[in-house]
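To be precise, the following lines are structure22.tsv, and they hold TSV, C-alpha atoms.
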```tsv
chain	number	residue	atom	x	y	z
A	1370	MET	CA	22.00	-17.63	22.35
A	1371	ASN	CA	23.11	-15.72	19.25
A	1372	LEU	CA	25.24	-13.09	21.00
A	1373	THR	CA	26.51	-11.73	17.69
A	1374	ALA	CA	23.00	-10.75	16.63
A	1375	VAL	CA	22.22	-9.25	20.04
A	1376	ARG	CA	25.44	-7.22	19.94
A	1377	ALA	CA	24.63	-6.03	16.41
A	1378	ILE	CA	21.22	-4.67	17.46
A	1379	TYR	CA	22.66	-3.22	20.67
A	1380	ARG	CA	25.56	-1.48	18.92
A	1381	PHE	CA	23.30	-0.12	16.19
A	1382	GLU	CA	20.98	1.46	18.76
A	1383	MET	CA	23.86	2.85	20.82
A	1384	ALA	CA	25.41	4.27	17.65
A	1385	ARG	CA	22.11	5.97	16.85
A	1386	ALA	CA	22.23	7.62	20.30
A	1387	ARG	CA	25.74	8.91	19.56
A	1388	ARG	CA	24.61	10.30	16.22
A	1389	THR	CA	21.74	12.14	17.92
A	1390	LEU	CA	23.68	13.18	21.02
A	1391	LEU	CA	21.96	16.56	21.28
A	1392	GLN	CA	18.50	15.02	21.32
A	1393	SER	CA	19.33	11.85	23.26
A	1394	ILE	CA	21.52	13.23	26.05
A	1395	VAL	CA	21.98	16.99	26.06
A	1396	SER	CA	18.29	17.93	25.76
A	1397	PRO	CA	17.01	15.72	28.64
A	1398	VAL	CA	19.85	16.82	30.94
A	1399	LEU	CA	19.20	20.47	30.13
A	1400	SER	CA	15.43	20.07	30.61
A	1401	THR	CA	15.91	18.41	34.00
A	1402	SER	CA	18.35	21.12	35.05
A	1403	LEU	CA	15.73	23.75	34.20
A	1404	TYR	CA	13.15	21.85	36.29
A	1405	PHE	CA	15.62	21.84	39.13
A	1406	VAL	CA	16.41	25.55	38.85
A	1407	VAL	CA	12.76	26.62	38.54
A	1408	PHE	CA	11.20	24.34	41.14
A	1409	GLY	CA	14.20	24.25	43.45
A	1410	GLY	CA	14.61	28.01	43.31
A	1411	ALA	CA	10.97	29.11	43.37
A	1412	ILE	CA	9.49	26.53	45.75
A	1413	GLY	CA	12.72	25.90	47.66
A	1414	SER	CA	12.71	29.49	48.86
A	1415	ARG	CA	9.33	28.81	50.53
A	1416	ILE	CA	9.91	25.22	51.70
A	1417	SER	CA	13.24	24.92	53.47
A	1418	GLU	CA	13.16	21.15	53.95
A	1419	ILE	CA	10.98	18.04	53.84
A	1420	GLN	CA	11.49	15.26	56.38
A	1421	GLY	CA	14.86	16.72	57.32
A	1422	VAL	CA	16.12	17.00	53.72
A	1423	SER	CA	16.58	20.32	51.93
A	1424	TYR	CA	13.93	20.82	49.27
A	1425	GLY	CA	16.51	21.18	46.50
A	1426	ALA	CA	18.02	17.79	47.33
A	1427	PHE	CA	14.59	16.21	48.00
A	1428	ILE	CA	13.38	16.68	44.42
A	1429	VAL	CA	16.52	15.24	42.78
A	1430	PRO	CA	15.43	11.54	42.89
A	1431	GLY	CA	11.99	12.48	41.57
A	1432	LEU	CA	13.45	14.46	38.68
A	1433	ILE	CA	15.79	11.61	37.78
A	1434	MET	CA	12.85	9.20	37.88
A	1435	LEU	CA	10.74	11.54	35.73
A	1436	MET	CA	13.37	11.64	33.02
A	1437	LEU	CA	14.22	7.95	33.39
A	1438	LEU	CA	10.63	6.85	32.83
A	1439	THR	CA	9.93	9.09	29.86
A	1440	GLN	CA	13.25	8.49	28.11
A	1441	SER	CA	13.16	4.71	28.63
A	1442	VAL	CA	9.74	4.54	27.01
A	1443	SER	CA	10.63	6.93	24.20
A	1444	ASN	CA	13.96	5.27	23.34
A	1445	ALA	CA	12.57	1.74	23.19
A	1446	SER	CA	9.31	2.62	21.46
A	1447	PHE	CA	11.01	4.53	18.65
A	1448	ALA	CA	13.69	1.84	18.28
A	1449	ILE	CA	11.16	-0.87	17.40
A	1450	PHE	CA	8.61	1.41	15.71
A	1451	PHE	CA	11.04	2.64	13.05
A	1452	PRO	CA	11.75	-0.88	11.65
A	1453	LYS	CA	7.97	-1.40	11.53
A	1454	PHE	CA	7.50	1.93	9.78
A	1455	SER	CA	10.25	1.24	7.21
A	1456	GLY	CA	9.35	-2.43	6.76
A	1457	THR	CA	12.77	-3.75	7.82
A	1458	ILE	CA	11.23	-5.57	10.79
A	1459	TYR	CA	10.33	-8.47	8.45
A	1460	GLU	CA	14.01	-8.93	7.63
A	1461	LEU	CA	14.70	-9.01	11.34
A	1462	LEU	CA	11.94	-11.54	12.01
A	1463	SER	CA	13.19	-13.80	9.20
A	1464	ALA	CA	16.80	-13.69	10.41
A	1465	PRO	CA	18.22	-16.56	12.52
A	1466	ILE	CA	17.60	-14.76	15.79
A	1467	SER	CA	15.07	-15.57	18.49
A	1468	HIS	CA	12.38	-13.24	19.77
A	1469	PHE	CA	14.15	-13.12	23.14
A	1470	GLU	CA	17.35	-11.96	21.47
A	1471	ILE	CA	15.50	-9.24	19.55
A	1472	VAL	CA	13.97	-7.92	22.78
A	1473	LEU	CA	17.30	-8.21	24.60
A	1474	GLY	CA	19.08	-6.14	21.96
A	1475	TYR	CA	16.52	-3.33	21.72
A	1476	VAL	CA	15.51	-3.16	25.39
A	1477	GLY	CA	19.12	-3.55	26.56
A	1478	ALA	CA	20.22	-0.58	24.45
A	1479	ALA	CA	17.28	1.59	25.56
A	1480	ALA	CA	17.87	0.73	29.23
A	1481	THR	CA	21.59	1.43	28.90
A	1482	LYS	CA	20.93	4.87	27.43
A	1483	SER	CA	18.45	5.65	30.22
A	1484	VAL	CA	20.85	4.55	32.98
A	1485	ILE	CA	23.64	6.67	31.50
A	1486	LEU	CA	21.23	9.60	31.27
A	1487	GLY	CA	20.12	9.10	34.89
A	1488	LEU	CA	23.73	9.10	36.11
A	1489	LEU	CA	24.49	12.25	34.09
A	1490	ILE	CA	21.48	14.01	35.61
A	1491	LEU	CA	22.62	12.89	39.07
A	1492	ALA	CA	26.09	14.31	38.41
A	1493	THR	CA	24.55	17.56	37.15
A	1494	ALA	CA	22.28	17.85	40.21
A	1495	SER	CA	25.27	17.44	42.51
A	1496	LEU	CA	26.59	20.73	41.10
A	1497	PHE	CA	23.52	22.52	42.47
A	1498	VAL	CA	23.01	20.84	45.84
A	1499	PRO	CA	25.12	18.60	48.08
A	1500	LEU	CA	23.96	15.01	47.68
A	1501	GLN	CA	24.76	11.99	49.81
A	1502	ILE	CA	23.56	8.58	48.66
A	1503	GLN	CA	23.03	6.43	51.74
A	1504	HIS	CA	22.36	3.20	49.83
A	1505	PRO	CA	24.26	3.32	46.50
A	1506	ILE	CA	23.67	-0.36	45.66
A	1507	TRP	CA	19.90	0.05	46.11
A	1508	MET	CA	20.04	3.26	44.08
A	1509	LEU	CA	21.68	1.46	41.16
A	1510	LEU	CA	19.27	-1.47	41.53
A	1511	PHE	CA	16.22	0.79	41.30
A	1512	LEU	CA	17.81	2.72	38.44
A	1513	VAL	CA	18.49	-0.43	36.38
A	1514	LEU	CA	15.19	-2.18	37.19
A	1515	THR	CA	13.16	0.93	36.34
A	1516	ALA	CA	15.06	1.50	33.10
A	1517	MET	CA	14.57	-2.14	32.06
A	1518	THR	CA	10.88	-2.19	32.98
A	1519	PHE	CA	9.93	1.01	31.19
A	1520	SER	CA	12.10	0.13	28.20
A	1521	LEU	CA	9.99	-3.03	27.94
A	1522	LEU	CA	6.88	-0.86	28.19
A	1523	GLY	CA	8.26	1.34	25.42
A	1524	PHE	CA	8.91	-1.75	23.28
A	1525	ILE	CA	5.26	-2.75	23.75
A	1526	ILE	CA	4.09	0.76	22.83
A	1527	GLY	CA	6.31	0.73	19.75
A	1528	ILE	CA	4.68	-2.52	18.60
A	1529	TRP	CA	1.17	-1.23	19.36
A	1530	ALA	CA	1.56	2.20	17.72
A	1531	ASP	CA	0.78	2.48	14.03
A	1532	ASN	CA	1.70	6.16	13.69
A	1533	PHE	CA	3.99	8.73	15.33
A	1534	GLU	CA	1.09	10.34	17.19
A	1535	LYS	CA	0.30	7.13	19.07
A	1536	LEU	CA	4.00	6.72	19.79
A	1537	GLN	CA	3.91	9.88	21.95
A	1538	LEU	CA	0.46	9.32	23.40
A	1539	VAL	CA	1.34	7.21	26.45
A	1540	PRO	CA	4.49	9.13	27.51
A	1541	LEU	CA	2.77	12.51	27.26
A	1542	LEU	CA	-0.71	11.72	28.53
A	1543	VAL	CA	-0.06	8.90	31.00
A	1544	ILE	CA	3.51	8.56	32.24
A	1545	THR	CA	4.41	12.25	32.66
A	1546	PRO	CA	1.20	13.16	34.59
A	1547	LEU	CA	1.52	10.07	36.81
A	1548	THR	CA	5.13	11.01	37.59
A	1549	PHE	CA	4.22	14.60	38.47
A	1550	LEU	CA	1.44	13.29	40.72
A	1551	GLY	CA	3.65	10.54	42.15
A	1552	GLY	CA	5.59	12.56	44.69
A	1553	THR	CA	8.27	13.96	42.39
A	1554	PHE	CA	8.16	17.42	43.97
A	1555	TYR	CA	6.57	16.64	47.33
A	1556	SER	CA	6.00	13.97	49.96
A	1557	ILE	CA	2.54	12.42	49.90
A	1558	ASP	CA	2.49	12.92	53.69
A	1559	MET	CA	1.87	16.60	52.90
A	1560	LEU	CA	-1.47	15.74	51.25
A	1561	PRO	CA	-4.87	15.43	52.99
A	1562	SER	CA	-5.60	11.87	54.10
A	1563	ILE	CA	-8.11	11.17	51.32
A	1564	TRP	CA	-5.62	12.27	48.65
A	1565	GLN	CA	-2.90	10.16	50.25
A	1566	THR	CA	-5.13	7.12	49.85
A	1567	LEU	CA	-5.91	7.95	46.22
A	1568	THR	CA	-2.26	8.65	45.46
A	1569	LEU	CA	-1.30	5.14	46.56
A	1570	ALA	CA	-3.15	3.86	43.49
A	1571	ASN	CA	-0.48	5.57	41.36
A	1572	PRO	CA	2.27	2.98	40.68
A	1573	VAL	CA	4.89	5.71	40.11
A	1574	VAL	CA	4.62	6.65	43.81
A	1575	TYR	CA	6.28	3.35	44.71
A	1576	LEU	CA	9.11	3.89	42.23
A	1577	VAL	CA	9.86	7.43	43.37
A	1578	SER	CA	9.58	6.48	47.05
A	1579	GLY	CA	11.98	3.56	46.76
A	1580	PHE	CA	14.47	5.57	44.71
A	1581	ARG	CA	14.31	8.48	47.20
A	1582	TRP	CA	14.87	6.06	50.08
A	1583	SER	CA	18.13	4.96	48.49
A	1584	PHE	CA	19.32	8.57	48.69
A	1585	PHE	CA	18.07	9.84	52.05
A	1586	GLY	CA	16.62	6.85	53.92
A	1587	ILE	CA	13.11	8.38	53.84
A	1588	ASN	CA	10.10	7.00	51.97
A	1589	ASP	CA	6.35	7.36	51.56
A	1590	VAL	CA	5.77	3.61	51.26
A	1591	SER	CA	7.79	0.65	52.48
A	1592	LEU	CA	10.86	-0.52	50.59
A	1593	ALA	CA	9.28	-3.96	50.13
A	1594	ALA	CA	6.21	-2.37	48.51
A	1595	SER	CA	8.41	-0.31	46.16
A	1596	LEU	CA	10.50	-3.29	45.11
A	1597	GLY	CA	7.42	-5.49	44.79
A	1598	MET	CA	5.69	-2.96	42.52
A	1599	ILE	CA	8.60	-2.64	40.10
A	1600	LEU	CA	9.04	-6.43	39.94
A	1601	LEU	CA	5.30	-6.91	39.37
A	1602	PHE	CA	5.31	-4.38	36.54
A	1603	LEU	CA	8.45	-5.97	35.06
A	1604	GLY	CA	6.78	-9.39	35.09
A	1605	LEU	CA	3.64	-7.96	33.48
A	1606	CYS	CA	5.64	-6.33	30.68
A	1607	LEU	CA	7.55	-9.56	30.05
A	1608	ALA	CA	4.27	-11.47	29.83
A	1609	ILE	CA	2.84	-8.97	27.32
A	1610	VAL	CA	5.99	-9.10	25.16
A	1611	ALA	CA	5.86	-12.91	25.18
A	1612	TRP	CA	2.20	-12.77	24.10
A	1613	ILE	CA	3.00	-10.31	21.29
A	1614	PHE	CA	5.58	-12.61	19.73
A	1615	ARG	CA	3.47	-15.74	20.29
A	1616	THR	CA	0.45	-14.25	18.53
A	1617	GLY	CA	2.31	-12.01	16.06
A	1618	TYR	CA	0.29	-8.99	17.21
A	1619	ARG	CA	1.01	-6.10	14.80
A	1620	ILE	CA	4.38	-7.49	13.78
A	1621	ARG	CA	3.24	-9.92	11.10
A	1622	PRO	CA	1.45	-9.06	7.85
```
Step by step, read the file and then write its structure as C-alpha cells.
Amino acid sequence: MNLTAVRAIYRFEMARARRTLLQSIVSPVLSTSLYFVVFGGAIGSRISEIQGVSYGAFIVPGLIMLMLLTQSVSNASFAIFFPKFSGTIYELLSAPISHFEIVLGYVGAAATKSVILGLLILATASLFVPLQIQHPIWMLLFLVLTAMTFSLLGFIIGIWADNFEKLQLVPLLVITPLTFLGGTFYSIDMLPSIWQTLTLANPVVYLVSGFRWSFFGINDVSLAASLGMILLFLGLCLAIVAWIFRTGYRIRP
C-alpha cells in the first residue's frame, strides 16, 4: 500500500477542515446546540422523561447521529466532487495510487472529521444535561462505523453528482428527513402500532436505537439488528464504490 499517497490525501482534507473551521466545526456544533435548546427546552418542559431517561438527555444521541450522518455525507461528497469539478481528478487517477488508497484517503479524512465533530457535540451536550455513557466502547464503535459508512455514501454521491445542486439533494431531501423520522426526538414506542411498523422500514431507526442503547441501555430495536443494519449498509456502499472504479462511472472521460 502506498501510505505516502494516502497520508497526502488525508492531510490535505484535514488541512481544508482547519482552513474552514467556522463552517466545518463551529457551525454544526452551534446548530446542534440550538436544536438541543429549542427541543429540549420546549418539549422537555412537557415530557419529563422517556423510558426512565430525562427528555433532554434522551435526545442527545439522536442529535449527534443527525449531525454525524449529514456531515459525513457532506464532507466526503464535496471532497471528491471538487476534484471532478476542477478536473484534477484525472491527475489523481493517473498517479501511482490504487483506487482503494484514493477511497481510504478521502473517506478516512471525512470520517475523522465527523467523529471529532460528534465528540465535540457530545462534550457540548454534557454542559446542558448530565450524561452517563453505560457502554463507551459500543458508543465509539457505532460512532466510527456510522461515520465510515456515511462517508462512503457521500463519496458515492460526490461521484454521481454533476453539479452543486445534486450534491445537496440527498442530504437535504433524504437523510435529514429520515433522521428526523428515525426516533431522534422520540421513542418509536410512543407511536401507534401501524406507524411503529412503518417506521421500522427506516434504516436510520436502527442507527439511532443502537447509539442510544450505548448511552442509556434502552433501545427501540435489538442491538444485533442495529449492528447488522450498519454493517449491511457499509457492505453495500463498499460494493458500489468497487463497481464505480471497475466501470469508471462518471470518473473517466
Contacts of segment 1460-1469 of chain A within 9 Å, all atoms listed in the file, excl. fewer than 3 positions in-chain, as a PyMOL selection string: chain A and resi 1370-1371+1374-1375+1452+1456-1457+1472-1474+1611+1614+1620-1621
For the selection just defined, write its residues with C-alpha atoms to a file, as a PDB file, in the coordinates of the input.
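Contents of the output file result.pdb:
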```pdb
ATOM      1  CA  MET A1370      22.000 -17.630  22.350  1.00  0.00           C
ATOM      2  CA  ASN A1371      23.110 -15.720  19.250  1.00  0.00           C
ATOM      3  CA  ALA A1374      23.000 -10.750  16.630  1.00  0.00           C
ATOM      4  CA  VAL A1375      22.220  -9.250  20.040  1.00  0.00           C
ATOM      5  CA  PRO A1452      11.750  -0.880  11.650  1.00  0.00           C
ATOM      6  CA  GLY A1456       9.350  -2.430   6.760  1.00  0.00           C
ATOM      7  CA  THR A1457      12.770  -3.750   7.820  1.00  0.00           C
ATOM      8  CA  VAL A1472      13.970  -7.920  22.780  1.00  0.00           C
ATOM      9  CA  LEU A1473      17.300  -8.210  24.600  1.00  0.00           C
ATOM     10  CA  GLY A1474      19.080  -6.140  21.960  1.00  0.00           C
ATOM     11  CA  ALA A1611       5.860 -12.910  25.180  1.00  0.00           C
ATOM     12  CA  PHE A1614       5.580 -12.610  19.730  1.00  0.00           C
ATOM     13  CA  ILE A1620       4.380  -7.490  13.780  1.00  0.00           C
ATOM     14  CA  ARG A1621       3.240  -9.920  11.100  1.00  0.00           C
TER      15      ARG A1621
END
```
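With all atoms listed in the file taken into account, the protein and nucleic acid residues at most 7 Å from segment 1520-1524 of chain A (excluding it and anything under 4 positions from it in its own chain) are Ser1441, Val1442, Ser1443, Ala1445, Ser1446, Ile1449, Val1476, Ala1479, Ala1480, Ala1516, Ile1528 and Cys1606 of chain A.
Once Leu1603 of chain A and its same-chain neighbours fewer than 6 positions away are set aside, Val1513, Leu1514, Thr1515, Ala1516, Met1517, Thr1518, Phe1519, Ser1520, Leu1521, Leu1522, Leu1596, Gly1597, Ile1609 and Val1610 of chain A remain within 12 Å of it when counting only C-alpha atoms.
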Distance criterion (only C-alpha atoms): nearest to Thr1493 of chain A out of A:Ala1593, A:Leu1399, A:Ala1608, A:Ala1478: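 Of A:Ala1593, A:Leu1399, A:Ala1608, A:Ala1478, the one nearest Thr1493 of chain A, counting only C-alpha atoms, is A:Leu1399.
Of the listed residues (A:Ser1402, A:Gln1440, A:Thr1568, A:Thr1481), A:Thr1481 comes nearest to Met1383 of chain A; the distances count only C-alpha atoms.
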Which of A:Ala1426, A:Pro1572, A:Pro1505, A:Phe1602 sits closest to Phe1549 of chain A [using only C-alpha atoms]: A:Pro1572
Between atom CA of Ser1417 of chain A and atom CA of Leu1438 of chain A - distance in Å to one decimal: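 Rounded to one decimal, the two atoms are 27.6 Å apart.
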